[in-house]
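Pasting coords.cif here (mmCIF, C-alpha atoms):
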```
data_target
#
loop_
_atom_site.group_PDB
_atom_site.id
_atom_site.type_symbol
_atom_site.label_atom_id
_atom_site.label_comp_id
_atom_site.auth_asym_id
_atom_site.auth_seq_id
_atom_site.Cartn_x
_atom_site.Cartn_y
_atom_site.Cartn_z
ATOM 1 C CA MET A 1 99.039 113.439 64.257
ATOM 2 C CA THR A 2 101.120 113.468 61.066
ATOM 3 C CA TYR A 3 100.735 110.879 58.343
ATOM 4 C CA THR A 4 104.154 109.447 59.200
ATOM 5 C CA HIS A 5 103.193 109.039 62.858
ATOM 6 C CA ARG A 6 99.895 107.371 61.936
ATOM 7 C CA ILE A 7 101.699 104.852 59.743
ATOM 8 C CA SER A 8 104.415 104.235 62.321
ATOM 9 C CA ARG A 9 101.987 103.720 65.198
ATOM 10 C CA SER A 10 99.794 101.493 63.022
ATOM 11 C CA ILE A 11 102.773 99.303 62.181
ATOM 12 C CA ARG A 12 103.692 99.031 65.865
ATOM 13 C CA ARG A 13 100.124 98.085 66.839
ATOM 14 C CA ASN A 14 99.967 95.393 64.158
ATOM 15 C CA ARG A 15 103.383 94.131 65.141
ATOM 16 C CA GLY A 16 102.174 93.881 68.732
ATOM 17 C CA ALA A 17 99.017 91.994 67.777
ATOM 18 C CA ALA A 18 100.979 89.479 65.769
ATOM 19 C CA ALA A 19 103.337 89.010 68.682
ATOM 20 C CA VAL A 20 100.688 87.435 70.890
ATOM 21 C CA ALA A 21 100.372 84.236 68.902
ATOM 22 C CA LEU A 22 104.107 84.029 68.258
ATOM 23 C CA VAL A 23 105.243 84.424 71.838
ATOM 24 C CA ALA A 24 102.547 82.108 73.147
ATOM 25 C CA ALA A 25 103.871 79.340 70.938
ATOM 26 C CA THR A 26 107.451 80.137 71.881
ATOM 27 C CA ALA A 27 106.541 80.015 75.580
ATOM 28 C CA LEU A 28 105.503 76.384 75.334
ATOM 29 C CA LEU A 29 108.947 75.485 74.054
ATOM 30 C CA ALA A 30 110.913 77.738 76.379
ATOM 31 C CA GLY A 31 109.053 76.835 79.548
ATOM 32 C CA CYS A 32 110.261 73.268 79.886
ATOM 33 C CA ALA A 33 113.921 74.169 79.427
ATOM 34 C CA SER A 34 113.872 77.077 81.864
ATOM 35 C CA LYS A 35 112.414 75.076 84.731
ATOM 36 C CA ASP A 36 115.130 72.456 84.493
ATOM 37 C CA ASP A 37 118.099 74.871 84.381
ATOM 38 C CA LYS A 38 120.146 73.928 87.443
ATOM 39 C CA SER A 39 123.519 75.329 86.368
ATOM 40 C CA GLY A 40 125.660 76.933 89.066
ATOM 41 C CA SER A 41 126.681 79.945 86.942
ATOM 42 C CA ASN A 42 125.614 83.504 87.742
ATOM 43 C CA PRO A 43 122.208 83.788 86.019
ATOM 44 C CA LEU A 44 122.635 87.485 85.210
ATOM 45 C CA THR A 45 126.179 87.500 83.956
ATOM 46 C CA ASP A 46 126.439 84.174 82.170
ATOM 47 C CA ASP A 47 127.937 85.641 79.012
ATOM 48 C CA GLY A 48 128.317 82.224 77.479
ATOM 49 C CA LYS A 49 124.572 81.719 77.542
ATOM 50 C CA ALA A 50 123.668 85.246 76.478
ATOM 51 C CA SER A 51 126.311 85.873 73.804
ATOM 52 C CA GLY A 52 124.995 85.662 70.271
ATOM 53 C CA ASP A 53 121.389 85.510 71.450
ATOM 54 C CA THR A 54 118.788 88.101 70.599
ATOM 55 C CA VAL A 55 117.160 89.704 73.621
ATOM 56 C CA VAL A 56 113.389 89.972 73.196
ATOM 57 C CA VAL A 57 112.062 93.079 74.933
ATOM 58 C CA GLY A 58 108.322 92.965 75.542
ATOM 59 C CA SER A 59 105.729 95.388 76.839
ATOM 60 C CA ASN A 60 102.236 95.369 78.264
ATOM 61 C CA ASN A 61 99.341 96.808 76.325
ATOM 62 C CA PHE A 62 99.496 100.501 77.198
ATOM 63 C CA PRO A 63 101.590 103.354 75.775
ATOM 64 C CA GLU A 64 103.904 103.941 78.726
ATOM 65 C CA SER A 65 104.953 100.299 78.823
ATOM 66 C CA THR A 66 105.779 100.406 75.111
ATOM 67 C CA LEU A 67 107.808 103.588 75.638
ATOM 68 C CA LEU A 68 109.762 102.015 78.503
ATOM 69 C CA ALA A 69 110.396 98.872 76.470
ATOM 70 C CA ASP A 70 111.808 101.034 73.677
ATOM 71 C CA ILE A 71 114.053 102.826 76.175
ATOM 72 C CA TYR A 72 115.349 99.509 77.520
ATOM 73 C CA GLY A 73 115.835 98.039 74.071
ATOM 74 C CA GLU A 74 117.674 101.016 72.639
ATOM 75 C CA ALA A 75 119.890 101.249 75.739
ATOM 76 C CA LEU A 76 120.834 97.593 75.213
ATOM 77 C CA LYS A 77 121.448 98.134 71.499
ATOM 78 C CA ALA A 78 123.835 100.975 72.315
ATOM 79 C CA LYS A 79 125.954 98.431 74.217
ATOM 80 C CA GLY A 80 126.048 96.006 71.309
ATOM 81 C CA VAL A 81 123.188 93.734 72.410
ATOM 82 C CA LYS A 82 120.963 92.291 69.685
ATOM 83 C CA VAL A 83 117.339 93.269 70.400
ATOM 84 C CA THR A 84 113.895 92.570 68.986
ATOM 85 C CA TYR A 85 110.623 94.022 70.261
ATOM 86 C CA LYS A 86 107.301 92.418 71.141
ATOM 87 C CA PRO A 87 105.163 95.466 72.082
ATOM 88 C CA ASN A 88 101.578 95.680 73.341
ATOM 89 C CA ILE A 89 101.338 91.987 74.197
ATOM 90 C CA GLY A 90 98.631 92.199 76.848
ATOM 91 C CA SER A 91 98.151 92.570 80.577
ATOM 92 C CA ARG A 92 100.436 91.253 83.332
ATOM 93 C CA GLU A 93 98.318 88.113 83.501
ATOM 94 C CA THR A 94 99.732 87.268 80.058
ATOM 95 C CA THR A 95 103.210 88.808 80.027
ATOM 96 C CA TYR A 96 104.340 87.389 83.379
ATOM 97 C CA GLY A 97 103.879 83.855 82.099
ATOM 98 C CA LEU A 98 105.716 84.641 78.886
ATOM 99 C CA ILE A 99 108.778 86.121 80.569
ATOM 100 C CA LYS A 100 108.767 83.375 83.210
ATOM 101 C CA ASN A 101 109.046 80.823 80.401
ATOM 102 C CA GLY A 102 111.639 82.820 78.451
ATOM 103 C CA ALA A 103 109.474 83.760 75.467
ATOM 104 C CA ILE A 104 110.409 87.355 76.241
ATOM 105 C CA LYS A 105 113.593 88.294 78.070
ATOM 106 C CA VAL A 106 113.116 91.840 79.365
ATOM 107 C CA LEU A 107 109.915 93.538 80.509
ATOM 108 C CA PRO A 108 109.349 96.958 82.098
ATOM 109 C CA GLU A 109 107.488 96.434 85.364
ATOM 110 C CA TYR A 110 106.089 98.466 88.259
ATOM 111 C CA ASN A 111 107.205 96.999 91.554
ATOM 112 C CA GLY A 112 104.003 97.539 93.545
ATOM 113 C CA ALA A 113 101.688 96.198 90.857
ATOM 114 C CA LEU A 114 103.928 93.192 90.287
ATOM 115 C CA LEU A 115 103.929 92.426 94.011
ATOM 116 C CA ALA A 116 100.144 92.746 94.178
ATOM 117 C CA TYR A 117 99.937 90.212 91.362
ATOM 118 C CA LEU A 118 102.326 87.795 93.096
ATOM 119 C CA ASP A 119 101.077 88.331 96.653
ATOM 120 C CA PRO A 120 97.802 90.276 97.037
ATOM 121 C CA LYS A 121 98.146 90.324 100.837
ATOM 122 C CA ALA A 122 101.577 91.987 100.893
ATOM 123 C CA ALA A 123 101.686 95.541 102.295
ATOM 124 C CA PRO A 124 105.285 96.828 102.226
ATOM 125 C CA THR A 125 106.004 100.296 103.576
ATOM 126 C CA THR A 126 109.055 101.172 101.454
ATOM 127 C CA ALA A 127 110.208 100.654 97.870
ATOM 128 C CA GLU A 128 113.085 98.515 99.157
ATOM 129 C CA ALA A 129 110.702 96.300 101.112
ATOM 130 C CA THR A 130 108.573 96.000 97.979
ATOM 131 C CA THR A 131 111.520 94.633 96.005
ATOM 132 C CA THR A 132 112.405 92.221 98.818
ATOM 133 C CA ALA A 133 108.823 90.946 98.955
ATOM 134 C CA ILE A 134 108.756 90.464 95.180
ATOM 135 C CA GLU A 135 111.981 88.476 95.236
ATOM 136 C CA ALA A 136 110.464 86.109 97.798
ATOM 137 C CA LYS A 137 107.593 85.293 95.420
ATOM 138 C CA LEU A 138 109.227 85.697 92.018
ATOM 139 C CA ALA A 139 109.578 82.696 89.727
ATOM 140 C CA SER A 140 113.022 81.123 89.965
ATOM 141 C CA THR A 141 113.626 81.906 86.289
ATOM 142 C CA LEU A 142 113.341 85.667 86.853
ATOM 143 C CA THR A 143 115.209 88.492 88.513
ATOM 144 C CA LEU A 144 114.706 92.204 89.091
ATOM 145 C CA LEU A 145 117.245 94.877 88.271
ATOM 146 C CA LYS A 146 117.478 98.206 90.085
ATOM 147 C CA PRO A 147 114.285 100.294 90.329
ATOM 148 C CA ALA A 148 114.018 103.812 88.959
ATOM 149 C CA ALA A 149 112.851 106.774 91.017
ATOM 150 C CA ALA A 150 110.075 107.169 88.438
ATOM 151 C CA GLN A 151 106.648 106.026 89.580
ATOM 152 C CA SER A 152 103.435 105.642 87.590
ATOM 153 C CA LYS A 153 100.507 104.544 89.703
ATOM 154 C CA ASP A 154 97.016 103.303 89.121
ATOM 155 C CA SER A 155 94.447 105.691 90.531
ATOM 156 C CA VAL A 156 90.806 106.486 91.017
ATOM 157 C CA THR A 157 90.326 109.564 88.865
ATOM 158 C CA LEU A 158 87.146 111.591 88.392
ATOM 159 C CA ASN A 159 86.126 113.728 85.452
ATOM 160 C CA ALA A 160 85.751 117.455 86.091
ATOM 161 C CA ALA A 161 81.947 117.403 86.145
ATOM 162 C CA THR A 162 81.764 114.637 88.740
ATOM 163 C CA ALA A 163 84.379 116.258 90.947
ATOM 164 C CA LYS A 164 82.497 119.542 90.828
ATOM 165 C CA LYS A 165 79.146 117.883 91.533
ATOM 166 C CA TYR A 166 80.434 116.273 94.727
ATOM 167 C CA ASN A 167 82.828 119.079 95.752
ATOM 168 C CA LEU A 168 85.915 116.906 95.407
ATOM 169 C CA THR A 169 89.412 118.250 94.686
ATOM 170 C CA GLU A 170 92.943 116.926 94.275
ATOM 171 C CA LYS A 171 93.145 116.965 98.091
ATOM 172 C CA SER A 172 90.158 114.629 98.398
ATOM 173 C CA THR A 173 90.750 110.935 99.024
ATOM 174 C CA ILE A 174 89.351 107.669 97.748
ATOM 175 C CA ALA A 175 87.657 107.334 101.144
ATOM 176 C CA ASP A 176 85.564 110.396 100.295
ATOM 177 C CA LEU A 177 83.705 108.259 97.757
ATOM 178 C CA LYS A 178 82.158 106.081 100.506
ATOM 179 C CA GLY A 179 78.669 107.552 100.138
ATOM 180 C CA ILE A 180 79.077 108.463 96.475
ATOM 181 C CA ALA A 181 80.385 105.296 94.823
ATOM 182 C CA PRO A 182 76.910 103.692 94.469
ATOM 183 C CA ASP A 183 76.042 106.519 92.061
ATOM 184 C CA LEU A 184 79.187 106.163 89.939
ATOM 185 C CA VAL A 185 80.208 103.936 87.054
ATOM 186 C CA LEU A 186 83.892 102.990 87.214
ATOM 187 C CA GLY A 187 85.860 102.271 84.050
ATOM 188 C CA ALA A 188 89.146 100.379 83.753
ATOM 189 C CA ALA A 189 90.845 97.411 82.089
ATOM 190 C CA PRO A 190 88.943 94.110 82.470
ATOM 191 C CA GLU A 191 91.523 92.705 84.897
ATOM 192 C CA PHE A 192 90.890 95.624 87.277
ATOM 193 C CA GLN A 193 87.761 93.748 88.385
ATOM 194 C CA THR A 194 89.704 90.898 89.977
ATOM 195 C CA ARG A 195 92.883 92.615 91.218
ATOM 196 C CA GLN A 196 93.609 93.654 94.770
ATOM 197 C CA GLN A 197 94.841 96.900 93.246
ATOM 198 C CA GLY A 198 91.401 97.259 91.698
ATOM 199 C CA LEU A 199 87.788 96.593 92.661
ATOM 200 C CA VAL A 200 88.771 93.936 95.205
ATOM 201 C CA GLY A 201 90.972 96.335 97.158
ATOM 202 C CA LEU A 202 88.636 99.295 96.733
ATOM 203 C CA LYS A 203 85.992 97.218 98.516
ATOM 204 C CA SER A 204 88.180 95.563 101.179
ATOM 205 C CA VAL A 205 90.379 98.584 101.951
ATOM 206 C CA TYR A 206 88.000 101.506 101.370
ATOM 207 C CA GLY A 207 84.586 99.840 101.583
ATOM 208 C CA LEU A 208 83.546 101.036 98.126
ATOM 209 C CA GLU A 209 80.973 99.416 95.867
ATOM 210 C CA PHE A 210 80.298 101.198 92.613
ATOM 211 C CA LYS A 211 77.038 101.362 90.695
ATOM 212 C CA SER A 212 78.640 99.290 87.953
ATOM 213 C CA PHE A 213 81.931 98.514 86.263
ATOM 214 C CA ARG A 214 82.701 99.113 82.612
ATOM 215 C CA ALA A 215 85.514 97.078 81.046
ATOM 216 C CA LEU A 216 87.608 99.315 78.798
ATOM 217 C CA ASP A 217 91.404 99.412 78.423
ATOM 218 C CA ALA A 218 94.450 99.969 80.639
ATOM 219 C CA GLY A 219 94.184 103.735 81.082
ATOM 220 C CA GLY A 220 94.220 104.189 77.325
ATOM 221 C CA PRO A 221 92.025 105.960 74.765
ATOM 222 C CA LEU A 222 88.869 103.959 75.543
ATOM 223 C CA THR A 223 89.042 104.739 79.246
ATOM 224 C CA GLN A 224 89.977 108.351 78.665
ATOM 225 C CA ALA A 225 87.168 108.918 76.138
ATOM 226 C CA ALA A 226 84.591 107.301 78.417
ATOM 227 C CA LEU A 227 85.659 109.569 81.286
ATOM 228 C CA GLN A 228 85.601 112.646 79.068
ATOM 229 C CA LYS A 229 82.094 111.834 77.782
ATOM 230 C CA ASP A 230 80.810 110.910 81.273
ATOM 231 C CA ALA A 231 80.057 107.356 80.151
ATOM 232 C CA VAL A 232 82.005 106.564 83.317
ATOM 233 C CA GLN A 233 82.417 109.022 86.152
ATOM 234 C CA ALA A 234 85.510 107.434 87.700
ATOM 235 C CA ALA A 235 88.354 105.559 86.039
ATOM 236 C CA ASP A 236 91.767 104.025 86.518
ATOM 237 C CA ILE A 237 94.103 106.547 84.895
ATOM 238 C CA PHE A 238 97.868 106.282 85.345
ATOM 239 C CA THR A 239 99.187 109.183 87.392
ATOM 240 C CA THR A 240 101.805 110.121 84.767
ATOM 241 C CA ASP A 241 99.191 110.496 82.029
ATOM 242 C CA PRO A 242 99.185 114.022 80.536
ATOM 243 C CA ILE A 243 95.437 113.875 79.946
ATOM 244 C CA ILE A 244 94.877 114.499 83.680
ATOM 245 C CA SER A 245 95.936 118.125 83.497
ATOM 246 C CA LYS A 246 94.651 118.611 79.962
ATOM 247 C CA GLU A 247 91.072 117.611 80.878
ATOM 248 C CA ASN A 248 91.104 118.844 84.499
ATOM 249 C CA PHE A 249 90.559 115.327 85.785
ATOM 250 C CA VAL A 250 90.835 114.955 89.555
ATOM 251 C CA VAL A 251 93.069 112.197 90.924
ATOM 252 C CA LEU A 252 91.966 111.169 94.403
ATOM 253 C CA GLN A 253 94.579 110.683 97.104
ATOM 254 C CA ASP A 254 95.247 107.129 98.302
ATOM 255 C CA PRO A 255 95.972 107.500 102.061
ATOM 256 C CA LYS A 256 95.721 103.759 102.721
ATOM 257 C CA ASN A 257 98.287 103.112 99.995
ATOM 258 C CA LEU A 258 96.154 100.621 98.081
ATOM 259 C CA PHE A 259 98.085 101.361 94.913
ATOM 260 C CA GLY A 260 101.383 101.081 96.794
ATOM 261 C CA PHE A 261 104.797 101.881 95.424
ATOM 262 C CA GLU A 262 104.983 101.824 91.645
ATOM 263 C CA ASN A 263 108.617 102.338 90.771
ATOM 264 C CA VAL A 264 109.535 101.422 87.226
ATOM 265 C CA GLN A 265 111.790 98.363 87.406
ATOM 266 C CA PRO A 266 113.194 95.988 84.754
ATOM 267 C CA LEU A 267 112.112 92.361 85.054
ATOM 268 C CA VAL A 268 114.604 90.040 83.365
ATOM 269 C CA TYR A 269 114.733 86.376 82.422
ATOM 270 C CA LYS A 270 117.827 84.902 84.074
ATOM 271 C CA GLY A 271 120.744 84.367 81.748
ATOM 272 C CA ALA A 272 119.365 86.675 79.068
ATOM 273 C CA LEU A 273 121.749 89.570 79.743
ATOM 274 C CA SER A 274 125.493 89.877 80.077
ATOM 275 C CA GLN A 275 126.868 92.204 82.750
ATOM 276 C CA ARG A 276 127.102 94.867 80.074
ATOM 277 C CA GLY A 277 123.354 94.563 79.471
ATOM 278 C CA VAL A 278 122.591 94.613 83.199
ATOM 279 C CA ASP A 279 124.688 97.757 83.618
ATOM 280 C CA ALA A 280 122.894 99.425 80.702
ATOM 281 C CA LEU A 281 119.445 98.929 82.228
ATOM 282 C CA ASN A 282 120.608 99.930 85.707
ATOM 283 C CA ALA A 283 121.995 103.120 84.180
ATOM 284 C CA VAL A 284 118.551 103.850 82.720
ATOM 285 C CA SER A 285 116.952 103.390 86.139
ATOM 286 C CA ALA A 286 119.496 105.740 87.694
ATOM 287 C CA LYS A 287 118.451 108.543 85.310
ATOM 288 C CA LEU A 288 114.685 108.030 85.085
ATOM 289 C CA ASP A 289 112.551 110.018 87.539
ATOM 290 C CA THR A 290 108.819 110.752 87.612
ATOM 291 C CA ALA A 291 109.090 114.226 86.070
ATOM 292 C CA THR A 292 111.102 112.814 83.184
ATOM 293 C CA LEU A 293 108.643 109.985 82.643
ATOM 294 C CA LEU A 294 105.722 112.418 82.567
ATOM 295 C CA GLU A 295 107.533 114.555 79.979
ATOM 296 C CA LEU A 296 108.251 111.516 77.801
ATOM 297 C CA ASP A 297 104.653 110.301 78.163
ATOM 298 C CA THR A 298 103.439 113.749 77.095
ATOM 299 C CA GLN A 299 105.509 113.574 73.939
ATOM 300 C CA VAL A 300 104.061 110.175 73.060
ATOM 301 C CA GLN A 301 100.459 110.525 74.196
ATOM 302 C CA ALA A 302 99.727 114.235 73.774
ATOM 303 C CA GLN A 303 102.119 115.224 71.002
ATOM 304 C CA ASN A 304 101.716 111.962 69.074
ATOM 305 C CA LYS A 305 105.426 111.314 68.685
ATOM 306 C CA ASP A 306 106.579 107.781 67.985
ATOM 307 C CA PRO A 307 107.731 106.170 71.262
ATOM 308 C CA LEU A 308 110.829 104.717 69.627
ATOM 309 C CA ASP A 309 111.926 108.189 68.506
ATOM 310 C CA VAL A 310 111.206 109.602 71.968
ATOM 311 C CA ALA A 311 113.198 106.797 73.595
ATOM 312 C CA LYS A 312 116.217 107.373 71.364
ATOM 313 C CA ALA A 313 116.182 111.140 71.908
ATOM 314 C CA TRP A 314 115.977 110.833 75.703
ATOM 315 C CA LEU A 315 118.738 108.242 75.909
ATOM 316 C CA GLN A 316 120.988 110.526 73.897
ATOM 317 C CA SER A 317 120.143 113.570 76.043
ATOM 318 C CA ALA A 318 120.799 111.532 79.210
ATOM 319 C CA GLY A 319 124.208 110.402 77.950
ATOM 320 C CA LEU A 320 123.173 106.756 77.833
ATOM 321 C CA VAL A 321 123.979 106.105 74.166
#
```

Output the file's structure in the form of structure tokens.
Amino acid sequence: MTYTHRISRSIRRNRGAAAVALVAATALLAGCASKDDKSGSNPLTDDGKASGDTVVVGSNNFPESTLLADIYGEALKAKGVKVTYKPNIGSRETTYGLIKNGAIKVLPEYNGALLAYLDPKAAPTTAEATTTAIEAKLASTLTLLKPAAAQSKDSVTLNAATAKKYNLTEKSTIADLKGIAPDLVLGAAPEFQTRQQGLVGLKSVYGLEFKSFRALDAGGPLTQAALQKDAVQAADIFTTDPIISKENFVVLQDPKNLFGFENVQPLVYKGALSQRGVDALNAVSAKLDTATLLELDTQVQAQNKDPLDVAKAWLQSAGLV
């Protein structure tokens, strides 16, 4: 990593940390107003409400979310929208409340994970059904734009040594851990313990109980290092993470679809965007597929490029700026 990249990434991390307190305070003020908005205007295209306002684009606390937020923000800027960033805020348990109350206006989401958060019992069989199910549970202050083809899923991933020890390959499934899980330590973000798309679902859907759970981060450097060093033998690693191929990690198949559909999809606070802004984000979704997302993630996470620079370069190459 170059000196410039270290400084840039450090600034972004500090900016994200400071954002937590700021947006939390803002949420208290924004929440009351948003719940009482009963205007009959189109919530997405109310230019009178959105014009002159700055659109706050937030992200969850992992690199891919920050990258996607930068893509959304720069796409909006290219259409003349004023944008500020609140990166690395926290997990969905935090950011959903903030966007619901209007403290942030745009957030990159994953449709399956968002649905699991809103309705743990939902089990849609298509991406379209996933969006429909979300809309039935979504806060009245929020709306979804069009999903991208790109998917980035949670997973149960083994390090190379563990996979070799138990003769497991990329064709093996989570169900194959049934007699093995009691010998394994699983590492993931703290919230993985209480999510259906986490320990709860791994037990109810696959019947798995692990030796222990180690709270780390959301598929980030702590989780990756622990898996590399065998401090954990299994971990939640996002399926678009370049470290999987680099370290010969083995991602287990999910035949019961616990981790569902995970299409990247913009979540927007109603009234925050003009039609021009809506069209800009829908255009991003139309161009973003899984292979592209993996390539962009590789640039950020393996090549240590600044996500904002990567976002700008891709938008230009895709003809979106």

**Request:** Write out as a PyMOL selection string which residues come within 7 Å of region 220-232 of chain A when counting only C-alpha atoms, dropping same-chain ones fewer than 3 positions away.
**Result:** chain A and resi 62+159+185-188+216-217+235

Selection above as a file: C-alpha atoms, as a compact mmCIF listing (two decimals), in the coordinates of the input:
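In the end it all went to selection_11.txt:
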```txt
# COMPACT_ATOMS: atom_id res chain seq x y z
CA PHE A 62 99.50 100.50 77.20
CA ASN A 159 86.13 113.73 85.45
CA VAL A 185 80.21 103.94 87.05
CA LEU A 186 83.89 102.99 87.21
CA GLY A 187 85.86 102.27 84.05
CA ALA A 188 89.15 100.38 83.75
CA LEU A 216 87.61 99.32 78.80
CA ASP A 217 91.40 99.41 78.42
CA ALA A 235 88.35 105.56 86.04
```

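Minimum distance to Ser59 (chain A) across A:Ile104, A:Leu288, A:Leu138, A:Leu293 (counting all atoms listed in the file) occurs at A:Ile104.
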
**Asked** On this structure, which residues satisfy the PyMOL selection byres ((chain A and resi 65-74) around 9), written as a ChimeraX atom specification?
**Response** /A:55-64,75-79,81-88,106-109,264,266,280-281,284,296-297,300,306-312,314-315,321

**Expansion of the PyMOL selection byres ((chain A and resi 170) around 6) into residues, as a ChimeraX atom specification** = /A:169,171-172,250-252

**Prompt:** For Ala291 (chain A), which residue among A:Ala127, A:Ala148, A:Ala189, A:Leu98 is the nearest when counting all atoms listed in the file?
**Reply:** A:Ala148

**Request:** In Å, rounded to a single decimal, give me how far CA of Ile237 (chain A) is from CA of Tyr96 (chain A).
**Result:** 21.8 Å

**Message:** For a cutoff of 7 Å around the file-coordinate point (117.7, 100.8, 91.7), which residues qualify once you count all atoms listed in the file? I'd like the result as an NGL selection string.
**Reply:** :A and (145-148 or 282 or 285-286)

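A straight line drawn from CA of Leu267 (chain A) to CA of Ser140 (chain A) is 12.3 Å long.
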
**Item:** A:Leu294, A:Ala163, A:Ala283, A:Leu184 ranked by distance to Gly319 (chain A), top pick (using only C-alpha atoms)
**Value:** A:Ala283

**Prompt:** How would you write as a PyMOL selection string the residues that get within 9 Å of (107.5, 85.5, 82.1) in the file's frame, counting all atoms listed in the file?
**Reply:** chain A and resi 27+94-107+139+141-142+267-269

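Across the model, the gap from CA of Glu295 (chain A) to CA of Ala234 (chain A) is 24.4 Å.
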
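Each of A:Gln197, A:Gln233, A:Ser245, A:Thr162 was checked against Leu258 (chain A) using only C-alpha atoms; the smallest atom-to-atom distance is that of A:Gln197.
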
Hey, can I get the axis-aligned box for region 123-142 of chain A? All listed atoms, 3 Å padding on each side, centre and edge lengths in Å to one decimal, as AutoDock Vina command-line options.
```
--center_x 107.7 --center_y 91.1 --center_z 94.9 --size_x 17.9 --size_y 26.0 --size_z 23.3
```

**Request:** Just the residues within 10 Å of Thr125 (chain A), please, counting only C-alpha atoms, with nothing from its chain fewer than 4 positions along; format it as a PyMOL selection string.
**Result:** chain A and resi 129-130+257+260-261

**Message:** For the PyMOL selection byres ((chain A and resi 238) around 10), applied here, can you spell out every residue it catches as a VMD selection string?
**Reply:** chain A and resid 64 151 to 157 218 to 220 235 to 237 239 to 244 251

**Message:** Using all atoms listed in the file, which protein or nucleic acid residues come within 10 Å of Ala122 (chain A)? Drop anything in the same chain fewer than 3 positions from it, and give the result as a list in words.
**Reply:** Gly112, Leu115, Ala116, Tyr117, Leu118, Asp119, Thr125, Thr130, Ala133, Ile134 and Gly260 of chain A

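Here the question is which of A:Asp254, A:Asp289, A:Glu128, A:Glu262 gets nearest to Tyr110 (chain A) using only C-alpha atoms, and that residue is A:Glu262.
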